[in-house]
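Trainee: Please read through the structure below; I'll follow up with questions.
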Amino acid sequence: MERITVSLGERSYDISIGTGLLSDPDYFTSVTGRRVVIVSNDTVAPLYADTLQATLSPLAKDVALLNLPDGEQYKTLDTFNQIMTFLLEGSYGRDVVLVALGGGVIGDVVGFAAACFQRGVGFIQVPTTLLAQVDSSVGGKTAVNHPLGKNMVGAFYQPQAVIIDTDCLKSLPAREFAAGMAEVIKYGIIVDQDFFQWLEQHLDQLRALDAKALSQAIARCCQIKADVVAADEKESGVRALLNLGHTFGHAIEAEMGYGNWLHGEAVAAGTVQAAQTACLLGLMTSAEAEKIRSLLVQADLPVVAPETMNFDHYIKHMMRDKKVLSGKLRLVLPTGIGRAEVVSDVPNDILRQVIEP
Ligand code: NAD
Ligand code: MG
């Protein structure tokens, strides 16, 4: 078992990582005497809700289950409102604890509901995808999508605990696992060369779902994200580095249609493009860029961006990136393995070489 503390003063909380945590009441003592609503979806609830309910029932005053439809297309204000209606119809008060059981979609919408219901109630994250375990459950960003933009309505709201049971990954489709690995590898590239090397050596164990390797890797990612968030909770500085590969990646996701390319897949191809950009600018060696590409390949991720996309396609989406400042594109680029920085003023001809090789 690994435990990591996210240090945010009185809003600090622990992330626990290991096997069998879903059935261990010791991790859930904070619900003692409280009313609890587990919020999950049609895919995850049949797999894990009974186990979690059985763990929480002896501790809590009562435990209900609310099942939402599965999919990014349901990360909406309508679904948010469905949670509000459930809570109001059930006469829940400020002592309720919402437990998000699912991937990043569930975590984001339930977190936002917890931030808003009666101006803020208890919230526990139980992430069940690799992406949610290493990324979305840590850091306190919650949101729903608006028809005019992804994650456009939301709040910063920290959970009271994050409980990561690596056993849940056994039922995760391989493609979703690989997509999560893109974010895992990202942490190594931006701040931790030793972790990157560890990943090169342990990737096969991770893909075979070796429990010890998984706990170690997830813990390292959570620690890195926790450190970055503690230093820059609202993303005014170092937190931007977590967006490595995401500016190119978002353009791929948006242009190809969300869901056709999974987020992690687009980030993988985008990370290779960021590394190529860095090489052309003389910020990193081609040997280092090749190490990045080859680890992503080993993780079964796409490293070649869609051939149908040209320079204009990218620029259209990239100029909407949240890092754009006064009309200037800013890219996170690796400057070696274990180092990255935000670079503005990348010349268009360099971008064109990367995008249209
Ligand atoms: P997801 O929540 O859609 O999960 C992917 C699929 O796997 C879904 O069909 C889900 O039901 C299923 N699933 C989940 N756990 C499973 C399990 N153990 N076994 C079998 N199937 C399982 O997608 P995701 O990749 O987890 O999260 C993506 C979302 O996270 C996006 O909406 C994104 O905006 C958000 N996100 C948020 C943050 C943040 O900081 N808040 C960071 C990154 C991503
Ligand atoms: Mg991401």
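So you can find residues: chains in the structure tokens are A, B, ... in the order shown, residues in each start at 1, and ligands are numbered from 1 in order.
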Applying 12 Å and only C-alpha atoms, which residues near Ala211 (chain A) remain after dropping the ones on its own chain fewer than 6 positions away? List them as a VMD selection string.

Mentor: chain A and resid 1 to 2 17 to 20 165 to 170 202 205 217 to 218

Trainee: Save out the residues we just selected, N, CA and C atoms, as an mmCIF file, in the first residue's frame.

Mentor:
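The resulting file, again17.cif, is shown below:
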```
data_model
loop_
_atom_site.group_PDB
_atom_site.id
_atom_site.type_symbol
_atom_site.label_atom_id
_atom_site.label_comp_id
_atom_site.auth_asym_id
_atom_site.auth_seq_id
_atom_site.Cartn_x
_atom_site.Cartn_y
_atom_site.Cartn_z
ATOM 1 N N MET A 1 0.835 -1.204 0.000
ATOM 2 C CA MET A 1 0.000 0.000 0.000
ATOM 3 C C MET A 1 0.876 1.263 0.000
ATOM 4 N N GLU A 2 0.495 2.188 -0.812
ATOM 5 C CA GLU A 2 1.235 3.461 -0.872
ATOM 6 C C GLU A 2 0.293 4.568 -0.418
ATOM 7 N N ILE A 17 -3.193 3.947 -2.313
ATOM 8 C CA ILE A 17 -3.066 3.146 -3.526
ATOM 9 C C ILE A 17 -2.694 1.724 -3.158
ATOM 10 N N GLY A 18 -3.440 0.745 -3.665
ATOM 11 C CA GLY A 18 -3.086 -0.645 -3.405
ATOM 12 C C GLY A 18 -4.137 -1.585 -3.942
ATOM 13 N N THR A 19 -4.036 -2.857 -3.543
ATOM 14 C CA THR A 19 -5.020 -3.838 -3.996
ATOM 15 C C THR A 19 -6.035 -4.085 -2.879
ATOM 16 N N GLY A 20 -7.262 -4.405 -3.277
ATOM 17 C CA GLY A 20 -8.288 -4.776 -2.305
ATOM 18 C C GLY A 20 -8.822 -3.618 -1.484
ATOM 19 N N ASP A 165 -7.885 1.587 -5.978
ATOM 20 C CA ASP A 165 -7.767 0.128 -5.912
ATOM 21 C C ASP A 165 -7.316 -0.359 -7.283
ATOM 22 N N THR A 166 -6.070 -0.821 -7.343
ATOM 23 C CA THR A 166 -5.515 -1.209 -8.649
ATOM 24 C C THR A 166 -6.188 -2.470 -9.205
ATOM 25 N N ASP A 167 -6.905 -3.213 -8.363
ATOM 26 C CA ASP A 167 -7.643 -4.385 -8.872
ATOM 27 C C ASP A 167 -8.660 -3.987 -9.936
ATOM 28 N N CYS A 168 -9.162 -2.755 -9.839
ATOM 29 C CA CYS A 168 -10.173 -2.304 -10.815
ATOM 30 C C CYS A 168 -9.634 -2.309 -12.242
ATOM 31 N N LEU A 169 -8.311 -2.227 -12.367
ATOM 32 C CA LEU A 169 -7.751 -2.142 -13.721
ATOM 33 C C LEU A 169 -7.879 -3.462 -14.475
ATOM 34 N N LYS A 170 -8.176 -4.542 -13.740
ATOM 35 C CA LYS A 170 -8.297 -5.862 -14.403
ATOM 36 C C LYS A 170 -9.431 -5.885 -15.413
ATOM 37 N N HIS A 202 10.048 -1.391 -16.640
ATOM 38 C CA HIS A 202 8.910 -2.086 -16.024
ATOM 39 C C HIS A 202 7.628 -2.053 -16.857
ATOM 40 N N GLN A 205 5.727 -5.341 -17.082
ATOM 41 C CA GLN A 205 5.056 -5.683 -15.825
ATOM 42 C C GLN A 205 3.778 -4.868 -15.638
ATOM 43 N N ALA A 217 4.012 2.786 -9.774
ATOM 44 C CA ALA A 217 3.911 3.760 -10.870
ATOM 45 C C ALA A 217 2.818 4.786 -10.573
ATOM 46 N N ILE A 218 1.672 4.304 -10.120
ATOM 47 C CA ILE A 218 0.550 5.220 -9.855
ATOM 48 C C ILE A 218 0.935 6.181 -8.724
#
```

Trainee: Which polymer residues have any atom within 6 Å of an atom of Arg330 (chain A), counting only C-alpha atoms, with same-chain residues fewer than 3 positions away left out, as a PDB file with N, CA and C atoms, in the first residue's frame?

Mentor:
```
ATOM      1  N   LYS A 323      -3.489  28.036 -22.912  1.00  0.00           N
ATOM      2  CA  LYS A 323      -2.179  28.649 -22.666  1.00  0.00           C
ATOM      3  C   LYS A 323      -1.917  29.844 -23.583  1.00  0.00           C
ATOM      4  N   VAL A 324      -2.764  30.021 -24.619  1.00  0.00           N
ATOM      5  CA  VAL A 324      -2.570  31.166 -25.517  1.00  0.00           C
ATOM      6  C   VAL A 324      -2.676  32.461 -24.703  1.00  0.00           C
ATOM      7  N   VAL A 343       7.257  27.281 -23.954  1.00  0.00           N
ATOM      8  CA  VAL A 343       7.978  28.064 -24.957  1.00  0.00           C
ATOM      9  C   VAL A 343       6.969  28.834 -25.800  1.00  0.00           C
ATOM     10  N   SER A 344       7.173  30.149 -25.910  1.00  0.00           N
ATOM     11  CA  SER A 344       6.314  30.909 -26.818  1.00  0.00           C
ATOM     12  C   SER A 344       7.135  31.244 -28.058  1.00  0.00           C
TER      13      SER A 344
END
```

Trainee: Taking only C-alpha atoms into account, name the residue in A:Ala274, A:Leu203, A:Ala64, A:Ala49 that is nearest to Gly245 (chain A).

Mentor: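 Counting only C-alpha atoms, the residue closest to Gly245 (chain A) is A:Ala274.
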
Trainee: Can I get the residues close to ligand 1 as an MDAnalysis selection string, where close means within 8 Å and we count only C-alpha atoms and all ligand atoms?

Mentor: chainID A and resid 41:44 47 70:72 75 102:108 127:132 135:144 150:151 168:173 176 179:180 262:264

Trainee: Return the single residue from A:Leu244, A:Ala340, A:Met319, A:Val110 that is closest to ligand 2, with distances computed using only C-alpha atoms and all ligand atoms.

Mentor: A:Leu244

Trainee: Of the residues A:Gln298, A:Gln193, A:Thr335, A:Ser286, which is the one nearest to Leu241 (chain A), using only C-alpha atoms?

Mentor: A:Thr335

Trainee: Could you pull out the strand (DSSP E or B) residues of region 31-279 of chain A from DSSP and send them as a CSV table (one decimal) with N, CA and C atoms, in the first residue's frame?

Mentor:
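This went into result_17.csv:
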```
chain,number,residue,atom,x,y,z
A,35,ARG,N,-24.5,10.2,5.7
A,35,ARG,CA,-25.3,9.7,4.6
A,35,ARG,C,-24.4,9.6,3.4
A,36,VAL,N,-24.4,8.6,2.6
A,36,VAL,CA,-23.5,8.4,1.5
A,36,VAL,C,-24.3,8.1,0.2
A,37,VAL,N,-23.8,8.8,-0.9
A,37,VAL,CA,-24.4,8.4,-2.2
A,37,VAL,C,-23.2,8.0,-3.1
A,38,ILE,N,-23.2,6.8,-3.5
A,38,ILE,CA,-22.2,6.3,-4.5
A,38,ILE,C,-22.7,6.7,-5.8
A,39,VAL,N,-21.9,7.5,-6.6
A,39,VAL,CA,-22.4,7.8,-8.0
A,39,VAL,C,-21.5,7.1,-8.9
A,40,SER,N,-22.1,6.4,-9.8
A,40,SER,CA,-21.3,5.6,-10.8
A,40,SER,C,-22.0,5.5,-12.1
A,41,ASN,N,-21.6,4.6,-13.0
A,41,ASN,CA,-22.3,4.5,-14.3
A,41,ASN,C,-22.6,3.1,-14.6
A,62,ASP,N,-26.6,5.7,6.0
A,62,ASP,CA,-27.1,4.9,4.9
A,62,ASP,C,-26.3,5.1,3.6
A,63,VAL,N,-26.5,4.2,2.7
A,63,VAL,CA,-25.7,4.2,1.5
A,63,VAL,C,-26.6,4.0,0.3
A,64,ALA,N,-26.7,5.0,-0.6
A,64,ALA,CA,-27.5,4.8,-1.8
A,64,ALA,C,-26.6,4.8,-3.0
A,65,LEU,N,-27.1,4.2,-4.1
A,65,LEU,CA,-26.4,4.2,-5.4
A,65,LEU,C,-27.1,4.9,-6.4
A,66,LEU,N,-26.4,5.9,-7.1
A,66,LEU,CA,-27.0,6.6,-8.2
A,66,LEU,C,-26.2,6.2,-9.5
A,67,ASN,N,-26.9,5.7,-10.5
A,67,ASN,CA,-26.2,5.3,-11.7
A,67,ASN,C,-26.5,6.2,-12.8
A,68,LEU,N,-25.4,6.7,-13.4
A,68,LEU,CA,-25.6,7.7,-14.5
A,68,LEU,C,-25.3,6.9,-15.8
A,97,VAL,N,-22.0,12.6,1.8
A,97,VAL,CA,-20.7,12.4,1.2
A,97,VAL,C,-21.0,11.7,-0.2
A,98,LEU,N,-20.5,12.4,-1.2
A,98,LEU,CA,-20.7,11.8,-2.6
A,98,LEU,C,-19.4,11.0,-2.9
A,99,VAL,N,-19.6,9.7,-3.3
A,99,VAL,CA,-18.4,8.9,-3.6
A,99,VAL,C,-18.5,8.6,-5.1
A,100,ALA,N,-17.5,9.2,-5.8
A,100,ALA,CA,-17.4,9.0,-7.3
A,100,ALA,C,-16.7,7.7,-7.6
A,101,LEU,N,-17.4,6.7,-8.2
A,101,LEU,CA,-16.9,5.4,-8.5
A,101,LEU,C,-16.9,5.3,-10.0
A,102,GLY,N,-15.7,5.5,-10.7
A,102,GLY,CA,-15.7,5.4,-12.1
A,102,GLY,C,-14.4,6.1,-12.7
A,122,GLY,N,-19.2,16.7,1.2
A,122,GLY,CA,-18.1,15.8,1.2
A,122,GLY,C,-18.0,15.0,-0.1
A,123,PHE,N,-16.8,14.7,-0.4
A,123,PHE,CA,-16.5,14.1,-1.7
A,123,PHE,C,-15.3,13.1,-1.7
A,124,ILE,N,-15.5,11.9,-2.1
A,124,ILE,CA,-14.4,10.9,-2.1
A,124,ILE,C,-14.3,10.4,-3.5
A,125,GLN,N,-13.1,10.4,-4.0
A,125,GLN,CA,-12.8,9.9,-5.4
A,125,GLN,C,-12.4,8.4,-5.3
A,126,VAL,N,-13.1,7.5,-6.0
A,126,VAL,CA,-12.6,6.1,-6.2
A,126,VAL,C,-12.5,5.9,-7.7
A,127,PRO,N,-11.3,6.3,-8.2
A,127,PRO,CA,-11.1,6.3,-9.7
A,127,PRO,C,-10.8,4.8,-10.1
A,141,LYS,N,-9.6,19.6,-10.0
A,141,LYS,CA,-10.4,20.2,-11.1
A,141,LYS,C,-11.6,19.4,-11.3
A,142,THR,N,-12.8,20.1,-11.3
A,142,THR,CA,-14.0,19.4,-11.6
A,142,THR,C,-14.8,20.2,-12.7
A,143,ALA,N,-15.6,19.5,-13.5
A,143,ALA,CA,-16.2,20.2,-14.5
A,143,ALA,C,-17.3,19.4,-15.3
A,144,VAL,N,-18.1,20.1,-16.0
A,144,VAL,CA,-18.9,19.4,-17.0
A,144,VAL,C,-18.7,20.2,-18.4
A,145,ASN,N,-19.1,19.5,-19.5
A,145,ASN,CA,-18.9,20.1,-20.8
A,145,ASN,C,-20.1,21.0,-21.1
A,146,HIS,N,-19.9,22.0,-21.9
A,146,HIS,CA,-21.0,22.8,-22.5
A,146,HIS,C,-21.0,22.5,-24.0
A,149,GLY,N,-18.1,24.1,-25.5
A,149,GLY,CA,-16.7,23.8,-25.1
A,149,GLY,C,-16.6,22.8,-24.0
A,150,LYS,N,-15.5,22.0,-24.1
A,150,LYS,CA,-15.2,21.0,-23.1
A,150,LYS,C,-14.8,21.6,-21.8
A,151,ASN,N,-15.3,21.0,-20.7
A,151,ASN,CA,-14.9,21.4,-19.3
A,151,ASN,C,-15.1,22.9,-19.1
A,152,MET,N,-16.1,23.5,-19.8
A,152,MET,CA,-16.2,25.0,-19.7
A,152,MET,C,-17.0,25.4,-18.4
A,153,VAL,N,-17.6,24.5,-17.7
A,153,VAL,CA,-18.4,24.9,-16.5
A,153,VAL,C,-17.8,24.0,-15.4
A,154,GLY,N,-17.2,24.6,-14.4
A,154,GLY,CA,-16.6,23.8,-13.4
A,154,GLY,C,-16.1,24.6,-12.2
A,155,ALA,N,-15.4,23.9,-11.3
A,155,ALA,CA,-14.9,24.5,-10.1
A,155,ALA,C,-13.6,23.8,-9.7
A,156,PHE,N,-12.8,24.5,-8.9
A,156,PHE,CA,-11.7,23.8,-8.2
A,156,PHE,C,-12.3,23.3,-6.9
A,161,ALA,N,-10.7,12.5,0.2
A,161,ALA,CA,-9.8,11.3,0.1
A,161,ALA,C,-9.8,10.8,-1.4
A,162,VAL,N,-8.7,10.2,-1.8
A,162,VAL,CA,-8.7,9.5,-3.1
A,162,VAL,C,-8.3,8.0,-2.8
A,163,ILE,N,-9.2,7.1,-3.1
A,163,ILE,CA,-8.9,5.7,-2.8
A,163,ILE,C,-8.7,5.0,-4.2
A,164,ILE,N,-7.5,4.5,-4.4
A,164,ILE,CA,-7.2,3.9,-5.7
A,164,ILE,C,-6.9,2.4,-5.5
A,165,ASP,N,-7.9,1.6,-6.0
A,165,ASP,CA,-7.8,0.1,-5.9
A,165,ASP,C,-7.3,-0.4,-7.3
A,258,TYR,N,-14.1,13.9,-31.1
A,258,TYR,CA,-13.8,13.3,-29.8
A,258,TYR,C,-14.3,11.9,-29.7
A,261,TRP,N,-10.3,9.3,-31.5
A,261,TRP,CA,-9.0,9.2,-30.9
A,261,TRP,C,-9.3,9.4,-29.4
```
